[in-house]
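J.: Got a structure for you, target_29.txt, holding compact mmCIF, C-alpha atoms and all ligand atoms.
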```txt
# COMPACT_ATOMS: atom_id res chain seq x y z
CA MET Y 1 -21.06 -247.69 -91.53
CA LEU Y 2 -20.11 -248.57 -88.01
CA ILE Y 3 -16.54 -248.39 -86.84
CA CYS Y 4 -15.55 -251.99 -86.32
CA PHE Y 5 -13.63 -252.95 -83.26
CA ALA Y 6 -13.36 -256.53 -82.19
CA GLY Y 7 -10.00 -256.41 -80.50
CA ALA Y 8 -8.65 -259.53 -82.08
CA PRO Y 9 -5.16 -260.38 -80.88
CA LYS Y 10 -2.38 -259.74 -83.33
CA ARG Y 11 -1.51 -262.59 -85.66
CA GLY Y 12 1.62 -263.60 -83.77
CA MET Y 13 -0.35 -263.87 -80.56
CA ILE Y 14 -2.88 -266.16 -82.21
CA VAL Y 15 -0.13 -268.44 -83.47
CA ARG Y 16 1.47 -268.58 -80.04
CA LEU Y 17 -1.86 -269.37 -78.44
CA MET Y 18 -2.59 -272.12 -80.94
CA ASN Y 19 0.83 -273.69 -80.58
CA HIS Y 20 0.91 -273.40 -76.83
CA ASP Y 21 0.78 -276.82 -75.27
CA ARG Y 22 -1.79 -276.35 -72.54
CA ASN Y 23 -1.03 -278.55 -69.63
CA ASP Y 24 -2.77 -276.81 -66.76
CA ASP Y 25 -4.73 -278.76 -64.19
CA SER Y 26 -7.81 -276.54 -64.43
CA ASN Y 27 -9.11 -278.62 -67.32
CA ASN Y 28 -11.82 -280.98 -66.21
CA ASP Y 29 -12.62 -284.48 -67.40
CA SER Y 30 -14.81 -283.31 -70.25
CA ASN Y 31 -11.95 -281.41 -71.81
CA GLY Y 32 -10.78 -284.35 -73.88
CA ASP Y 33 -14.32 -284.98 -75.04
CA LEU Y 34 -14.65 -281.36 -76.07
CA ARG Y 35 -11.48 -281.58 -78.13
CA LYS Y 36 -13.01 -284.50 -80.01
CA ARG Y 37 -16.46 -282.99 -80.37
CA LEU Y 38 -15.45 -279.47 -81.42
CA THR Y 39 -13.39 -278.38 -84.40
CA PRO Y 40 -9.96 -276.94 -83.46
CA GLU Y 41 -11.31 -273.46 -84.22
CA GLN Y 42 -14.44 -273.99 -82.07
CA TYR Y 43 -12.25 -275.24 -79.24
CA ARG Y 44 -9.77 -272.35 -79.51
CA VAL Y 45 -12.55 -269.74 -79.50
CA THR Y 46 -14.85 -271.20 -76.84
CA GLN Y 47 -12.30 -272.68 -74.44
CA GLU Y 48 -9.31 -270.35 -74.90
CA ALA Y 49 -11.20 -267.09 -75.52
CA GLY Y 50 -9.95 -266.89 -79.07
CA THR Y 51 -11.29 -264.69 -81.84
CA GLU Y 52 -11.95 -265.97 -85.34
CA ARG Y 53 -10.67 -263.80 -88.18
CA ALA Y 54 -13.22 -261.32 -89.52
CA PHE Y 55 -15.33 -262.47 -92.49
CA THR Y 56 -14.17 -266.08 -92.09
CA GLY Y 57 -16.89 -267.50 -89.84
CA GLU Y 58 -20.00 -269.38 -90.88
CA TYR Y 59 -22.59 -266.83 -89.75
CA TRP Y 60 -21.32 -263.26 -90.26
CA ASN Y 61 -23.34 -263.04 -93.50
CA HIS Y 62 -26.08 -265.48 -92.53
CA PHE Y 63 -29.60 -264.11 -92.11
CA GLU Y 64 -31.95 -267.11 -92.07
CA ASP Y 65 -34.88 -267.24 -89.66
CA GLY Y 66 -34.01 -269.25 -86.57
CA GLN Y 67 -32.04 -269.40 -83.37
CA TYR Y 68 -28.36 -269.53 -82.49
CA ALA Y 69 -27.36 -272.08 -79.85
CA CYS Y 70 -24.14 -272.41 -77.87
CA VAL Y 71 -21.95 -274.79 -79.89
CA VAL Y 72 -20.74 -276.42 -76.64
CA CYS Y 73 -23.89 -276.98 -74.55
CA GLY Y 74 -26.78 -276.28 -76.95
CA GLU Y 75 -28.40 -273.50 -74.92
CA ILE Y 76 -30.29 -271.04 -77.16
CA LEU Y 77 -28.40 -267.74 -76.83
CA PHE Y 78 -29.49 -265.46 -79.69
CA GLU Y 79 -32.47 -265.05 -82.05
CA SER Y 80 -32.21 -264.22 -85.74
CA GLY Y 81 -34.61 -261.32 -85.16
CA ALA Y 82 -31.94 -259.54 -83.12
CA LYS Y 83 -29.21 -260.08 -85.73
CA PHE Y 84 -28.16 -257.11 -87.82
CA GLU Y 85 -25.65 -256.30 -90.56
CA SER Y 86 -22.76 -254.66 -88.76
CA HIS Y 87 -20.23 -254.91 -91.63
CA CYS Y 88 -17.74 -256.09 -89.04
CA GLY Y 89 -17.23 -259.64 -90.21
CA TRP Y 90 -18.70 -261.27 -87.11
CA PRO Y 91 -22.33 -262.18 -86.29
CA SER Y 92 -23.80 -259.18 -84.46
CA PHE Y 93 -26.90 -259.08 -82.26
CA THR Y 94 -28.66 -256.27 -80.42
CA GLU Y 95 -29.67 -258.44 -77.46
CA PRO Y 96 -29.53 -262.02 -76.10
CA ALA Y 97 -32.38 -264.44 -76.84
CA ASP Y 98 -33.99 -263.86 -73.45
CA ARG Y 99 -33.72 -260.05 -73.92
CA ARG Y 100 -32.00 -259.69 -70.55
CA ILE Y 101 -29.21 -257.14 -70.74
CA SER Y 102 -26.72 -256.75 -67.92
CA ALA Y 103 -25.69 -253.47 -66.36
CA MET Y 104 -22.12 -254.19 -67.36
CA ALA Y 105 -23.13 -254.41 -71.02
CA LEU Y 106 -24.82 -251.02 -70.70
CA GLY Y 107 -21.84 -249.52 -68.87
CA LYS Y 108 -23.88 -249.01 -65.71
CA ARG Y 109 -23.67 -250.07 -62.10
CA ALA Y 110 -24.81 -253.47 -60.94
CA SER Y 111 -27.88 -251.92 -59.29
CA ASP Y 112 -29.13 -250.98 -62.77
CA ASP Y 113 -28.92 -254.60 -63.90
CA LEU Y 114 -31.89 -255.47 -66.12
CA SER Y 115 -30.99 -259.13 -66.30
CA GLY Y 116 -31.41 -260.00 -62.66
CA GLY Y 117 -28.17 -261.89 -63.17
CA ASN Y 118 -30.03 -264.67 -64.92
CA SER Y 119 -29.52 -263.95 -68.59
CA LYS Y 120 -28.39 -266.85 -70.74
CA VAL Y 121 -25.29 -264.85 -71.49
CA GLU Y 122 -22.96 -263.66 -68.77
CA ASP Y 123 -20.85 -260.52 -69.03
CA ARG Y 124 -17.36 -260.27 -67.61
CA LEU Y 125 -14.82 -257.47 -67.48
CA ASP Y 126 -11.99 -258.28 -69.88
CA GLU Y 127 -8.78 -256.30 -69.46
CA SER Y 128 -6.64 -258.43 -71.78
CA HIS Y 129 -4.66 -257.08 -74.74
CA GLY Y 130 -4.34 -253.64 -73.14
CA MET Y 131 -8.06 -252.86 -73.54
CA ILE Y 132 -11.05 -252.73 -71.25
CA ARG Y 133 -13.89 -254.64 -72.85
CA VAL Y 134 -16.94 -256.61 -71.77
CA GLU Y 135 -16.57 -260.29 -72.59
CA VAL Y 136 -19.67 -262.39 -73.24
CA VAL Y 137 -19.76 -266.05 -72.18
CA CYS Y 138 -22.47 -268.72 -72.09
CA ARG Y 139 -23.87 -268.68 -68.56
CA LYS Y 140 -24.54 -272.40 -68.57
CA CYS Y 141 -21.17 -273.77 -69.73
CA LYS Y 142 -18.95 -270.63 -69.64
CA ALA Y 143 -17.92 -270.97 -73.28
CA HIS Y 144 -16.39 -267.76 -74.63
CA LEU Y 145 -18.74 -266.15 -77.15
CA GLY Y 146 -17.32 -262.72 -77.94
CA HIS Y 147 -17.66 -259.17 -76.63
CA VAL Y 148 -20.42 -256.58 -76.31
CA PHE Y 149 -19.89 -252.98 -77.51
CA ASP Y 150 -22.01 -249.85 -77.18
CA ASP Y 151 -22.08 -248.94 -80.88
CA GLY Y 152 -25.12 -251.02 -81.88
CA PRO Y 153 -28.47 -249.85 -83.28
CA PRO Y 154 -31.55 -248.86 -81.19
CA PRO Y 155 -33.26 -249.76 -79.00
CA SER Y 156 -30.48 -251.35 -76.95
CA GLY Y 157 -27.64 -249.45 -78.63
CA LEU Y 158 -25.57 -252.56 -78.10
CA ARG Y 159 -23.64 -254.82 -80.46
CA TYR Y 160 -23.07 -258.34 -79.21
CA CYS Y 161 -20.13 -259.22 -81.44
CA ILE Y 162 -20.08 -263.02 -81.39
CA ASN Y 163 -17.79 -265.58 -83.00
CA SER Y 164 -19.48 -267.90 -85.48
CA ALA Y 165 -17.33 -270.66 -84.01
CA SER Y 166 -19.19 -270.33 -80.69
CA LEU Y 167 -22.60 -270.76 -82.30
CA ARG Y 168 -24.72 -273.42 -84.00
CA PHE Y 169 -27.67 -272.24 -86.07
CA VAL Y 170 -31.02 -273.93 -85.49
CA PRO Y 171 -33.53 -273.21 -88.31
CA ARG Y 172 -37.05 -272.38 -87.22
ZN ZN Y 201 -22.90 -273.11 -73.46
```
Take the structure in the file and give it back as structure tokens.
T.:
Amino acid sequence: MLICFAGAPKRGMIVRLMNHDRNDDSNNDSNGDLRKRLTPEQYRVTQEAGTERAFTGEYWNHFEDGQYACVVCGEILFESGAKFESHCGWPSFTEPADRRISAMALGKRASDDLSGGNSKVEDRLDESHGMIRVEVVCRKCKAHLGHVFDDGPPPSGLRYCINSASLRFVPR
């Protein structure tokens, strides 16, 4: 079994984040629409970089044939063929739908980038919560998806650990 490590904030931090009355001016006009269109959990995860509790999401134990789209913008991000049982409580994939893997995900320099910077998922350095991790966001709409770790199965050796709340399953 894999060692699971999703780096979820401690419970108190989640409560503070949820109760925090966000009033910053970085929110754009569509923010109110998003609050109406998404569930509170989908909004917290995708727009506030939240993490759903393990084994609570819709897709951690879901293995139907199909595609997983961004819950915010609808872009196809992952394929069911790349999904594997990680026993971590979150949907886990070995690669994005377009099979483009960034150098950052592989722990390499930008010059080794296999994605050409155009993958449907974008990787960002995340130094929050006292850890150094690689955050994964939707390139099109910048919704937070999850993190990518280097303890996945071959051939990529990667585990894209993604929140169910960031995804919408599209049956094939
Ligand atoms: Zn998106």
J.: Can you work out the spacing between CA of Pro91 (chain Y) and CA of Thr51 (chain Y) in Å, to one decimal?
T.: 12.2 Å
J.: As an MDAnalysis selection string, please: every protein or nucleic acid residue near ligand ZN 201 (chain Y) (cut-off 12 Å, counting all atoms listed in the file).
T.: chainID Y and resid 34 46:47 68:78 120:122 136:145 166:168
J.: Got a sec: who's within 7 Å of Asp65 (chain Y), counting only C-alpha atoms, leaving out chain neighbours fewer than 6 positions off, as a list of chain:residue names?
T.: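 Near neighbours after the sequence-gap exclusion: Y:Ser80, Y:Pro171, Y:Arg172.
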J.: To one decimal place in Å, what is the distance between CA of Leu38 (chain Y) and CA of Cys88 (chain Y)?
T.: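 Rounded to one decimal, the two atoms are 24.7 Å apart.
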J.: With only C-alpha atoms as the basis for distance, which of Y:Met131, Y:Val170, Y:Ala165, Y:Val148 is at the shortest distance from Pro96 (chain Y)?
T.: Y:Val148
J.: Just how far from CA of Arg124 (chain Y) is CA of Phe84 (chain Y), in Å to one decimal?
T.: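 One can read the CA of Phe84 (chain Y) to CA of Arg124 (chain Y) distance as 23.1 Å.
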J.: Pick out the closest residue to Gly107 (chain Y) from this set: Y:Asn61, Y:Ser119, Y:Ser86, Y:Ser156. Count only C-alpha atoms.
T.: Y:Ser156
J.: Taking every listed atom of region 159-167 of chain Y and adding 8 Å to each side, what centre and edge lengths in Å (one decimal) does the axis-aligned box have, as AutoDock Vina command-line options?
T.:
```
--center_x -20.5 --center_y -262.8 --center_z -82.3 --size_x 22.3 --size_y 31.9 --size_z 22.3
```
